[in-house]
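Text of model_18.txt (compact mmCIF, C-alpha atoms and all ligand atoms) as supplied:
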# COMPACT_ATOMS: atom_id res chain seq x y z
CA MET A 18 92.19 71.91 77.70
CA SER A 19 95.21 72.91 79.82
CA GLU A 20 95.12 76.68 79.56
CA LEU A 21 97.29 78.18 82.34
CA TYR A 22 98.49 81.77 82.50
CA ARG A 23 101.24 82.73 84.91
CA ALA A 24 103.52 85.66 85.86
CA SER A 25 106.08 86.09 88.64
CA THR A 26 107.74 89.11 90.20
CA THR A 27 109.70 90.21 93.23
CA ALA A 28 109.23 93.35 95.32
CA PRO A 29 111.46 95.04 97.89
CA VAL A 30 110.62 96.25 101.39
CA ASN A 31 110.76 99.94 102.18
CA ILE A 32 111.53 101.37 105.60
CA ALA A 33 109.96 104.72 106.34
CA VAL A 34 112.00 107.60 107.74
CA ILE A 35 108.81 109.66 108.09
CA LYS A 36 106.21 107.21 109.31
CA TYR A 37 102.69 106.58 108.07
CA TRP A 38 100.55 105.97 111.15
CA GLY A 39 96.84 106.76 110.98
CA LYS A 40 94.07 106.44 108.41
CA ARG A 41 91.50 109.06 107.57
CA ASP A 42 89.66 106.42 105.50
CA PRO A 43 90.32 102.82 106.63
CA LYS A 44 88.44 101.35 103.65
CA LEU A 45 90.63 103.01 101.00
CA ASN A 46 93.72 103.16 103.26
CA LEU A 47 93.91 106.94 102.97
CA PRO A 48 96.44 108.24 105.50
CA THR A 49 96.25 111.12 107.95
CA ASN A 50 99.77 112.22 106.93
CA SER A 51 102.22 111.93 104.07
CA SER A 52 105.26 109.69 104.58
CA LEU A 53 108.68 109.00 103.11
CA SER A 54 110.80 105.87 102.89
CA VAL A 55 113.92 104.28 101.50
CA THR A 56 113.46 101.20 99.34
CA LEU A 57 115.95 98.52 100.40
CA SER A 58 117.91 96.33 98.06
CA GLN A 59 116.10 93.23 96.88
CA SER A 60 119.31 91.29 97.34
CA ASP A 61 118.52 91.41 101.07
CA LEU A 62 114.81 91.40 101.85
CA ARG A 63 112.24 90.59 99.21
CA THR A 64 108.91 89.01 98.42
CA HIS A 65 108.60 86.64 95.49
CA THR A 66 105.09 86.23 94.14
CA THR A 67 103.57 84.20 91.32
CA ALA A 68 100.08 84.96 90.04
CA SER A 69 98.33 82.45 87.82
CA CYS A 70 94.87 81.82 86.49
CA SER A 71 93.09 79.18 84.51
CA PRO A 72 89.54 78.50 83.32
CA ASN A 73 89.98 75.02 84.79
CA ASN A 74 90.37 76.38 88.32
CA LYS A 75 87.02 75.70 89.96
CA SER A 76 88.06 76.50 93.52
CA GLY A 77 87.93 80.31 93.49
CA ASP A 78 90.60 82.92 94.27
CA SER A 79 93.39 81.74 96.58
CA LEU A 80 96.55 83.03 98.26
CA ILE A 81 99.30 80.87 99.68
CA LEU A 82 101.79 82.82 101.80
CA ASN A 83 104.98 81.09 102.95
CA GLY A 84 103.33 77.74 102.22
CA GLU A 85 100.15 78.46 104.19
CA SER A 86 96.74 79.10 102.74
CA GLN A 87 95.43 82.60 103.61
CA ASP A 88 91.95 84.02 103.76
CA VAL A 89 91.37 86.12 100.62
CA SER A 90 87.90 87.31 101.60
CA GLY A 91 89.31 90.36 103.44
CA ALA A 92 88.42 93.75 101.97
CA ARG A 93 92.09 94.66 101.28
CA THR A 94 92.92 91.67 99.11
CA GLN A 95 89.49 91.85 97.48
CA ALA A 96 90.02 95.52 96.58
CA CYS A 97 93.30 94.69 94.81
CA PHE A 98 91.75 91.77 92.92
CA ARG A 99 88.69 93.84 91.96
CA GLU A 100 90.63 96.86 90.69
CA LEU A 101 93.09 94.78 88.67
CA ARG A 102 90.30 92.66 87.19
CA ALA A 103 88.42 95.81 86.15
CA LEU A 104 91.53 97.07 84.30
CA ARG A 105 91.93 93.69 82.58
CA LYS A 106 88.24 93.73 81.64
CA GLU A 107 88.72 97.13 79.96
CA LEU A 108 91.54 95.64 77.89
CA GLU A 109 89.47 92.59 76.99
CA ASP A 110 86.56 94.81 75.95
CA SER A 111 88.85 96.84 73.69
CA LYS A 112 90.59 93.83 72.11
CA SER A 113 88.16 90.98 71.56
CA ASP A 114 90.84 88.37 70.77
CA LEU A 115 92.34 88.55 74.29
CA PRO A 116 91.66 85.56 76.56
CA LYS A 117 89.13 86.47 79.24
CA LEU A 118 91.52 86.21 82.18
CA SER A 119 89.35 88.62 84.17
CA THR A 120 86.75 85.87 84.50
CA PHE A 121 89.12 83.19 85.86
CA PRO A 122 89.92 82.62 89.56
CA LEU A 123 93.33 83.91 90.63
CA LYS A 124 95.91 81.75 92.38
CA ILE A 125 98.63 83.71 94.20
CA VAL A 126 101.67 82.01 95.70
CA SER A 127 104.00 84.24 97.69
CA GLU A 128 107.15 83.82 99.78
CA ASN A 129 108.86 86.39 101.98
CA ASN A 130 112.58 85.70 102.54
CA PHE A 131 112.40 87.58 105.88
CA PRO A 132 110.10 87.54 108.95
CA THR A 133 106.42 88.17 108.20
CA ALA A 134 104.38 90.57 110.38
CA ALA A 135 107.41 91.35 112.57
CA GLY A 136 107.79 95.06 111.78
CA LEU A 137 110.01 94.63 108.73
CA ALA A 138 107.42 95.84 106.20
CA SER A 139 106.22 92.46 104.94
CA SER A 140 102.84 93.96 104.07
CA ALA A 141 104.64 96.56 101.92
CA ALA A 142 106.70 94.11 99.88
CA GLY A 143 103.85 91.59 99.97
CA PHE A 144 101.12 93.77 98.47
CA ALA A 145 103.49 95.49 96.03
CA ALA A 146 104.48 92.05 94.71
CA LEU A 147 100.88 90.82 94.64
CA VAL A 148 99.70 93.82 92.62
CA ARG A 149 102.63 93.74 90.22
CA ALA A 150 102.40 89.99 89.65
CA ILE A 151 98.71 90.27 88.73
CA ALA A 152 99.35 93.37 86.57
CA ASN A 153 102.03 91.38 84.72
CA LEU A 154 99.72 88.38 84.37
CA TYR A 155 97.02 90.65 82.92
CA GLU A 156 99.56 92.50 80.74
CA LEU A 157 98.24 95.83 82.01
CA PRO A 158 99.85 98.99 80.66
CA SER A 159 99.48 100.69 84.09
CA SER A 160 102.22 102.98 85.40
CA PRO A 161 103.88 102.49 88.81
CA THR A 162 101.82 105.49 90.01
CA ASP A 163 98.57 103.77 88.98
CA LEU A 164 99.66 100.51 90.57
CA SER A 165 100.65 102.39 93.75
CA LYS A 166 96.99 103.43 94.16
CA ILE A 167 95.91 99.79 94.02
CA ALA A 168 98.72 98.48 96.26
CA ARG A 169 97.84 101.20 98.80
CA GLN A 170 94.45 99.56 99.23
CA GLY A 171 96.17 96.26 100.11
CA SER A 172 98.48 97.88 102.68
CA GLY A 173 99.24 101.59 102.86
CA SER A 174 103.01 101.22 102.98
CA ALA A 175 102.91 98.94 99.90
CA CYS A 176 102.36 101.92 97.57
CA ARG A 177 105.95 103.05 98.27
CA SER A 178 107.48 99.66 97.33
CA LEU A 179 106.54 100.19 93.68
CA PHE A 180 109.37 102.71 93.37
CA GLY A 181 113.07 102.39 94.08
CA GLY A 182 115.30 104.85 95.91
CA TYR A 183 113.79 107.58 98.10
CA VAL A 184 110.02 107.48 97.91
CA GLY A 185 107.23 109.71 99.17
CA TRP A 186 103.56 108.91 99.63
CA GLU A 187 101.40 111.99 99.21
CA GLN A 188 98.45 111.79 101.57
CA GLY A 189 96.20 113.51 99.02
CA SER A 190 92.95 115.31 99.77
CA LYS A 191 90.37 113.67 97.54
CA ASP A 192 87.79 111.34 99.06
CA ASP A 193 88.20 108.75 96.31
CA GLY A 194 91.96 108.45 96.98
CA SER A 195 92.90 109.27 93.38
CA ASP A 196 95.62 111.69 94.59
CA SER A 197 96.94 109.49 97.40
CA VAL A 198 99.86 108.01 95.48
CA ALA A 199 103.55 107.21 95.83
CA PHE A 200 106.18 109.24 94.00
CA GLN A 201 109.94 109.04 93.68
CA VAL A 202 111.78 111.79 95.56
CA ALA A 203 115.15 110.66 94.15
CA PRO A 204 116.48 107.48 92.57
CA ALA A 205 118.91 105.31 94.55
CA SER A 206 121.69 106.53 92.24
CA HIS A 207 121.24 110.08 93.61
CA TRP A 208 122.70 109.02 96.97
CA PRO A 209 124.22 105.64 96.19
CA ASN A 210 126.38 105.33 99.31
CA MET A 211 123.34 105.04 101.62
CA ARG A 212 123.36 101.75 103.54
CA ALA A 213 121.07 100.06 106.04
CA VAL A 214 121.88 97.48 108.65
CA ILE A 215 118.91 95.56 110.00
CA LEU A 216 118.95 94.18 113.51
CA VAL A 217 116.49 91.36 113.84
CA VAL A 218 115.68 91.62 117.52
CA SER A 219 112.67 89.32 117.12
CA ALA A 220 111.27 87.48 114.11
CA ALA A 221 108.03 86.76 115.99
CA LYS A 222 104.67 88.00 114.72
CA LYS A 223 103.74 91.23 116.49
CA ASP A 224 100.82 91.20 118.98
CA VAL A 225 99.22 94.33 117.54
CA SER A 226 99.09 94.55 113.73
CA SER A 227 99.88 97.89 112.11
CA THR A 228 96.29 98.15 110.91
CA SER A 229 94.69 97.79 114.33
CA GLY A 230 97.45 99.66 116.18
CA MET A 231 97.06 102.82 114.13
CA GLN A 232 93.26 102.74 114.42
CA THR A 233 93.51 102.70 118.22
CA THR A 234 96.11 105.50 118.13
CA VAL A 235 93.85 107.72 116.02
CA ALA A 236 90.94 107.02 118.36
CA THR A 237 92.72 107.56 121.69
CA SER A 238 96.06 109.42 121.51
CA SER A 239 96.06 113.10 122.30
CA LEU A 240 99.58 113.52 120.87
CA PHE A 241 98.48 112.12 117.54
CA ALA A 242 96.64 115.16 116.11
CA SER A 243 99.61 117.52 116.34
CA ARG A 244 101.94 114.87 114.91
CA ALA A 245 99.73 114.46 111.83
CA SER A 246 98.88 118.12 111.27
CA GLU A 247 102.07 119.94 112.30
CA THR A 248 105.09 117.74 113.01
CA VAL A 249 104.99 115.52 109.95
CA PRO A 250 104.17 118.13 107.26
CA LYS A 251 107.18 120.18 108.40
CA ARG A 252 109.42 117.11 108.47
CA MET A 253 108.30 116.02 105.00
CA GLN A 254 109.69 119.28 103.62
CA GLU A 255 112.88 119.08 105.65
CA MET A 256 113.46 115.45 104.74
CA GLN A 257 113.03 116.03 101.01
CA LYS A 258 115.57 118.85 101.24
CA ALA A 259 117.99 116.65 103.23
CA ILE A 260 117.77 114.02 100.48
CA GLN A 261 118.18 116.55 97.66
CA ASP A 262 121.23 118.01 99.46
CA LYS A 263 122.57 114.57 100.49
CA ASP A 264 122.78 115.97 104.01
CA PHE A 265 123.15 112.85 106.19
CA GLU A 266 123.08 114.74 109.49
CA ALA A 267 119.69 116.24 108.65
CA PHE A 268 118.44 112.93 107.18
CA GLY A 269 119.56 111.06 110.29
CA LYS A 270 118.24 113.51 112.84
CA ILE A 271 114.80 113.74 111.23
CA SER A 272 114.63 109.93 110.86
CA MET A 273 115.42 109.30 114.51
CA MET A 274 113.10 112.05 115.77
CA ASP A 275 110.25 110.80 113.59
CA SER A 276 110.70 107.21 114.76
CA ASN A 277 110.64 108.47 118.36
CA SER A 278 107.56 110.60 117.69
CA PHE A 279 105.70 107.65 116.15
CA HIS A 280 106.58 105.36 119.08
CA ALA A 281 105.56 108.13 121.49
CA THR A 282 102.07 108.14 119.96
CA CYS A 283 102.03 104.35 120.39
CA LEU A 284 102.78 104.72 124.09
CA ASP A 285 100.16 107.48 124.25
CA THR A 286 97.57 105.10 122.79
CA TYR A 287 95.08 103.58 125.21
CA PRO A 288 95.63 100.75 125.93
CA PRO A 289 99.31 101.50 125.21
CA ILE A 290 101.15 99.77 122.39
CA PHE A 291 104.74 98.72 123.04
CA TYR A 292 106.57 97.90 119.83
CA LEU A 293 110.06 98.67 121.19
CA ASN A 294 111.64 96.44 123.80
CA ASP A 295 114.81 96.58 125.92
CA VAL A 296 116.92 95.30 123.04
CA SER A 297 115.52 98.02 120.76
CA ARG A 298 116.43 100.62 123.36
CA ALA A 299 119.93 99.16 123.65
CA ALA A 300 120.29 99.58 119.87
CA ILE A 301 119.26 103.24 120.23
CA LYS A 302 121.96 103.70 122.86
CA ILE A 303 124.59 102.14 120.60
CA VAL A 304 123.66 104.57 117.81
CA GLU A 305 123.82 107.47 120.27
CA SER A 306 127.31 106.40 121.38
CA ILE A 307 128.50 105.93 117.77
CA ASN A 308 127.35 109.47 116.98
CA ALA A 309 128.86 110.86 120.17
CA SER A 310 132.26 109.30 119.31
CA ALA A 311 132.07 110.66 115.76
CA GLY A 312 131.08 114.11 116.99
CA LYS A 313 128.30 114.16 114.39
CA ILE A 314 125.40 112.06 113.20
CA ILE A 315 126.76 109.20 111.12
CA ALA A 316 124.15 106.59 112.09
CA ALA A 317 120.37 106.86 112.30
CA TYR A 318 117.98 104.31 113.77
CA THR A 319 114.36 103.87 112.87
CA PHE A 320 111.81 101.30 114.06
CA ASP A 321 108.60 100.32 112.32
CA ALA A 322 105.75 98.69 114.21
CA GLY A 323 108.01 96.10 115.82
CA PRO A 324 111.22 95.82 117.89
CA ASN A 325 113.61 95.41 114.94
CA ALA A 326 116.02 98.28 114.28
CA VAL A 327 116.97 99.58 110.86
CA VAL A 328 120.11 101.72 111.04
CA TYR A 329 120.92 103.96 108.10
CA TYR A 330 124.51 105.11 107.48
CA LEU A 331 126.82 106.04 104.61
CA GLU A 332 129.21 103.52 103.11
CA GLU A 333 132.27 105.50 104.18
CA ASN A 334 131.21 104.95 107.80
CA GLU A 335 130.73 101.20 107.42
CA LYS A 336 133.44 100.36 109.95
CA ASP A 337 132.22 102.87 112.55
CA VAL A 338 128.56 101.88 112.24
CA ALA A 339 127.93 98.37 110.91
CA GLY A 340 131.36 97.36 112.25
CA VAL A 341 130.44 98.46 115.77
CA PHE A 342 127.13 96.60 115.65
CA LYS A 343 128.87 93.50 114.37
CA ALA A 344 131.51 93.71 117.06
CA VAL A 345 128.82 93.97 119.71
CA LEU A 346 126.68 91.25 118.24
CA GLY A 347 129.32 88.91 116.88
CA GLU A 348 129.14 87.52 113.36
CA LYS A 349 125.67 86.08 113.03
CA GLU A 350 124.02 84.53 110.07
CA GLY A 351 121.90 87.10 108.30
CA TRP A 352 121.28 88.89 105.04
CA ALA A 353 124.18 90.51 103.26
CA GLY A 354 123.81 92.71 100.26
CA GLU A 355 124.95 95.71 98.33
CA ARG A 356 123.02 98.11 100.55
CA GLY A 357 124.68 97.05 103.75
CA GLN A 358 124.26 93.98 105.82
CA ALA A 359 121.47 92.73 107.90
CA VAL A 360 122.70 90.86 110.89
CA GLU A 361 120.62 88.85 113.28
CA ALA A 362 120.66 90.20 116.78
CA ASN A 363 119.61 88.46 119.89
CA SER A 364 118.86 90.02 123.20
CA ALA A 365 121.76 88.32 124.98
CA ALA A 366 124.25 89.85 122.55
CA LEU A 367 122.74 93.31 122.74
CA ASP A 368 122.30 93.25 126.49
CA LYS A 369 126.08 93.08 126.76
CA ALA A 370 126.34 96.42 124.97
P1 LIG B 401 104.61 94.14 108.75
O1 LIG B 401 105.26 94.96 109.80
O2 LIG B 401 105.39 92.90 108.44
O3 LIG B 401 104.27 94.92 107.51
P2 LIG B 401 101.71 94.14 109.15
O4 LIG B 401 100.97 93.95 110.41
O5 LIG B 401 101.66 95.49 108.53
O6 LIG B 401 103.23 93.67 109.42
O7 LIG B 401 101.20 93.16 108.02
C1 LIG B 401 101.41 91.78 108.06
C2 LIG B 401 100.40 91.13 107.14
O8 LIG B 401 100.67 91.47 105.76
C3 LIG B 401 100.46 89.61 107.14
O9 LIG B 401 99.78 89.06 108.26
C4 LIG B 401 99.77 89.29 105.81
O10 LIG B 401 98.38 89.40 105.94
C5 LIG B 401 100.23 90.43 104.91
N1 LIG B 401 101.37 89.97 104.08
C6 LIG B 401 102.66 89.85 104.45
N2 LIG B 401 103.40 89.36 103.44
C7 LIG B 401 102.55 89.14 102.41
C8 LIG B 401 102.72 88.64 101.08
N3 LIG B 401 103.92 88.26 100.64
N4 LIG B 401 101.63 88.55 100.29
C9 LIG B 401 100.42 88.95 100.74
N5 LIG B 401 100.19 89.45 101.97
C10 LIG B 401 101.24 89.54 102.81
C1 LIG B 402 105.09 101.85 111.13
O1 LIG B 402 101.23 99.85 105.79
O2 LIG B 402 101.58 98.02 107.46
O3 LIG B 402 105.59 100.69 109.10
O4 LIG B 402 97.97 100.17 105.75
O5 LIG B 402 97.11 99.00 107.76
O6 LIG B 402 98.46 97.72 106.08
P1 LIG B 402 98.22 99.07 106.74
O7 LIG B 402 99.53 99.41 107.57
P2 LIG B 402 101.05 99.36 107.16
O8 LIG B 402 101.65 100.41 108.20
C2 LIG B 402 103.00 100.73 108.21
C3 LIG B 402 103.35 101.49 109.44
C4 LIG B 402 104.83 101.75 109.62
C5 LIG B 402 105.25 103.08 109.02
C6 LIG B 402 105.43 103.15 107.52
O9 LIG B 402 105.76 102.15 106.86
O10 LIG B 402 105.30 104.27 107.00
CO CO B 403 103.01 96.54 107.36

In structure tokens, write the structure found in this file.
Amino acid sequence: MSELYRASTTAPVNIAVIKYWGKRDPKLNLPTNSSLSVTLSQSDLRTHTTASCSPNNKSGDSLILNGESQDVSGARTQACFRELRALRKELEDSKSDLPKLSTFPLKIVSENNFPTAAGLASSAAGFAALVRAIANLYELPSSPTDLSKIARQGSGSACRSLFGGYVGWEQGSKDDGSDSVAFQVAPASHWPNMRAVILVVSAAKKDVSSTSGMQTTVATSSLFASRASETVPKRMQEMQKAIQDKDFEAFGKISMMDSNSFHATCLDTYPPIFYLNDVSRAAIKIVESINASAGKIIAAYTFDAGPNAVVYYLEENEKDVAGVFKAVLGEKEGWAGERGQAVEANSAALDKA
């Protein structure tokens, strides 16, 4: 018998403008603050994942990422598999003629077309794709909101990659995490001239993963408590208004200040965590000089847990923002797409800035 069931999907990365950093429940990935991100075009950065299963597979669940076999015994991956299997089992129990896919081992094969674990949200695209591929394989009727709850357990930021456009993640207050879900603040079409340029300062794997970095911050940083309880809640409101009003100056200022606040808590962690490097700081200076020349904020940088800069700008300022970065960096091979261009930076090029 050669029964094989298979489904494939792609998922985009999302880059937060109000950062998630801190868990109140590390098992369920429940955050200490809400967050907000922009989902980037899949024509640039994406994960492609295929989920398959077969009764003939005797080797157990497996995950191959970028051609390398990964450990699937971790609690995060197991939680996603368990929750999706339970939903499939419900379907199988209600319709007895369905094949019993919930009883077969899962084989996941995934590829990221951008650096993995380098601070470009690979865990976000990765777990969003993993959850959606299995949900497709199982033909689950689940909504993106329901899937966001499952993806969140794989990696917190993954819940936001199930929606396009401008996406919030509500921290929620329930202990079971049932209200800690992603939601769309506005579709991409609401503010379609938003662009992002991505400066790949380093494609290397970071020394401190997001998961362990934020745990140490929560445990040791004295700045962290006020960020989570006061700074971020206020910014969440202001940022949603900036997006509704398509107010780039407000959007940009809050994005930059929140990136700086997050990296300040990293420095305030003991032992300190340095995600930014000299090239990252040079990119910040370039953005500052672009905005100074324009006399207003037309470019906004943000950095995830890594040295790579994401610079948001509006299409009408392409020449003054992406053009300036390209002139400084030279034309490098990179990702080009409808939402701006991602160029590869190297420290030598940026040091000249
Ligand atoms: P990043 O900044 O890239 O999100 P993280 O430290 O948050 O870095 O997470 C990186 C980890 O996410 C990887 O080591 C891997 O375990 C997981 N991951 C990345 N891409 C995928 C994928 N496509 N499928 C499954 N897991 C993935
Ligand atoms: C700085 O979602 O990667 O990118 O939940 O432990 O997998 P885990 O962490 P992860 O953290 C992302 C941190 C961030 C900010 C953000 O995306 O909001
Ligand atoms: Co991540």

Is there a way to get, as a PyMOL selection string, all residues within 10 Å of the point (108.3, 93.3, 98.2) in file coordinates, counting all atoms listed in the file? chain A and resi 26-31+56-57+59+62-66+128-130+138-147+149+175+178-179

What's the 12 Å shell around Ser272 of chain A, counting only C-alpha atoms, without same-chain residues fewer than 6 positions away, as a ChimeraX atom specification? /A:32-36,52-55,249,252-253,255-257,259-260,265-266,278-279,314,316-321,327-330

So the first atom is atom CA of Lys166 of chain A and the second is atom CA of Lys40 of chain A; what is the distance between them in Å, to one decimal place?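 Answer for the atom CA of Lys166 of chain A to atom CA of Lys40 of chain A separation: 14.9 Å.
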
Between A:Gly39, A:Pro116, A:Pro289, A:Gly91, which residue has the minimum interatomic distance to ligand LIG 401 (chain B), considering all atoms listed in the file?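 Among the listed residues, A:Gly91 lies closest to ligand LIG 401 (chain B).
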
Considering only C-alpha atoms, can you say which of A:Leu47, A:Leu115, A:Leu157, A:Val225 comes closest to Glu187 of chain A?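 Closest to Glu187 of chain A of all the choices is A:Leu47.
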
With distances taken over only C-alpha atoms and all ligand atoms, which of A:Ser306, A:Ser113, A:Ser60, A:Thr282 is nearest to ligand LIG 402 (chain B)?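 Residue with the minimum atom-to-atom distance to ligand LIG 402 (chain B): A:Thr282.
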
Around all the atoms of segment 208-225 of chain A listed in the file, draw an axis-aligned box and extend it by 3 Å on each of the six sides; I want its centre and edge lengths in Å to one decimal, as AutoDock Vina command-line options.
--center_x 112.8 --center_y 97.9 --center_z 107.6 --size_x 33.2 --size_y 28.3 --size_z 28.8

Residue with smallest distance to ligand LIG 402 (chain B) - pool A:Ser19, A:Asn50, A:Thr67, A:Ser243, counting all atoms listed in the file: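 Once distances to ligand LIG 402 (chain B) are computed over all atoms listed in the file, the minimum belongs to A:Asn50.
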
Just give me the residues with any atom within 7 Å of (105.4, 87.9, 86.5), file coordinates, counting all atoms listed in the file, written as a count of residues only. 8

Residue contacts of Lys263 of chain A (10 Å, only C-alpha atoms) excluding same-chain residues fewer than 6 positions away, as a list in words: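 Here the answer would be His207, Trp208, Met211 and Gln257 of chain A.
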
Can you spit out the residues from that selection as an mmCIF file, in the frame of the given file, using C-alpha atoms?
data_model
loop_
_atom_site.group_PDB
_atom_site.id
_atom_site.type_symbol
_atom_site.label_atom_id
_atom_site.label_comp_id
_atom_site.auth_asym_id
_atom_site.auth_seq_id
_atom_site.Cartn_x
_atom_site.Cartn_y
_atom_site.Cartn_z
ATOM 1 C CA HIS A 207 121.240 110.080 93.610
ATOM 2 C CA TRP A 208 122.700 109.020 96.970
ATOM 3 C CA MET A 211 123.340 105.040 101.620
ATOM 4 C CA GLN A 257 113.030 116.030 101.010
#

Which one of A:Pro161, A:Ala168, A:Ser119, A:Lys75 sits closest to Thr94 of chain A if you count all atoms listed in the file? A:Ala168

Atom N3 of ligand LIG 401 (chain B) to atom CA of Lys117 of chain A: how many Å, to one decimal?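 That distance, rounded to one decimal, is 26.1 Å.
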
Compare A:Asp196, A:Gly136, A:Asp264, A:Ser160 by their minimum atom-to-atom distance to ligand CO 403 (chain B), counting only C-alpha atoms and all ligand atoms, and give me the closest one.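 For ligand CO 403 (chain B), the nearest of the given residues is A:Gly136.
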
Fewer than 6 positions away in the same chain doesn't count, so skip those; otherwise give me all residues within 9 Å of Trp38 of chain A, counting all atoms listed in the file, as a PyMOL selection string. chain A and resi 48-50+52+227-228+230-232+234-235+245+279

Interatomic distance (Å, one decimal) between atom CA of Ser226 of chain A and atom O6 of ligand LIG 401 (chain B):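 Separation of atom CA of Ser226 of chain A and atom O6 of ligand LIG 401 (chain B): 6.0 Å.
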
Selection near Ile303 of chain A, 10 Å with all atoms listed in the file, sequence-local residues under 2 positions removed, as a VMD selection string: chain A and resid 297 to 301 305 to 309 316 318 338 341 to 342 345 367 370

Excluding same-chain residues fewer than 2 positions from Ser238 of chain A, what lies within 10 Å of it counting all atoms listed in the file, as number ranges by chain? A: 231, 233-236, 240-242, 281-289
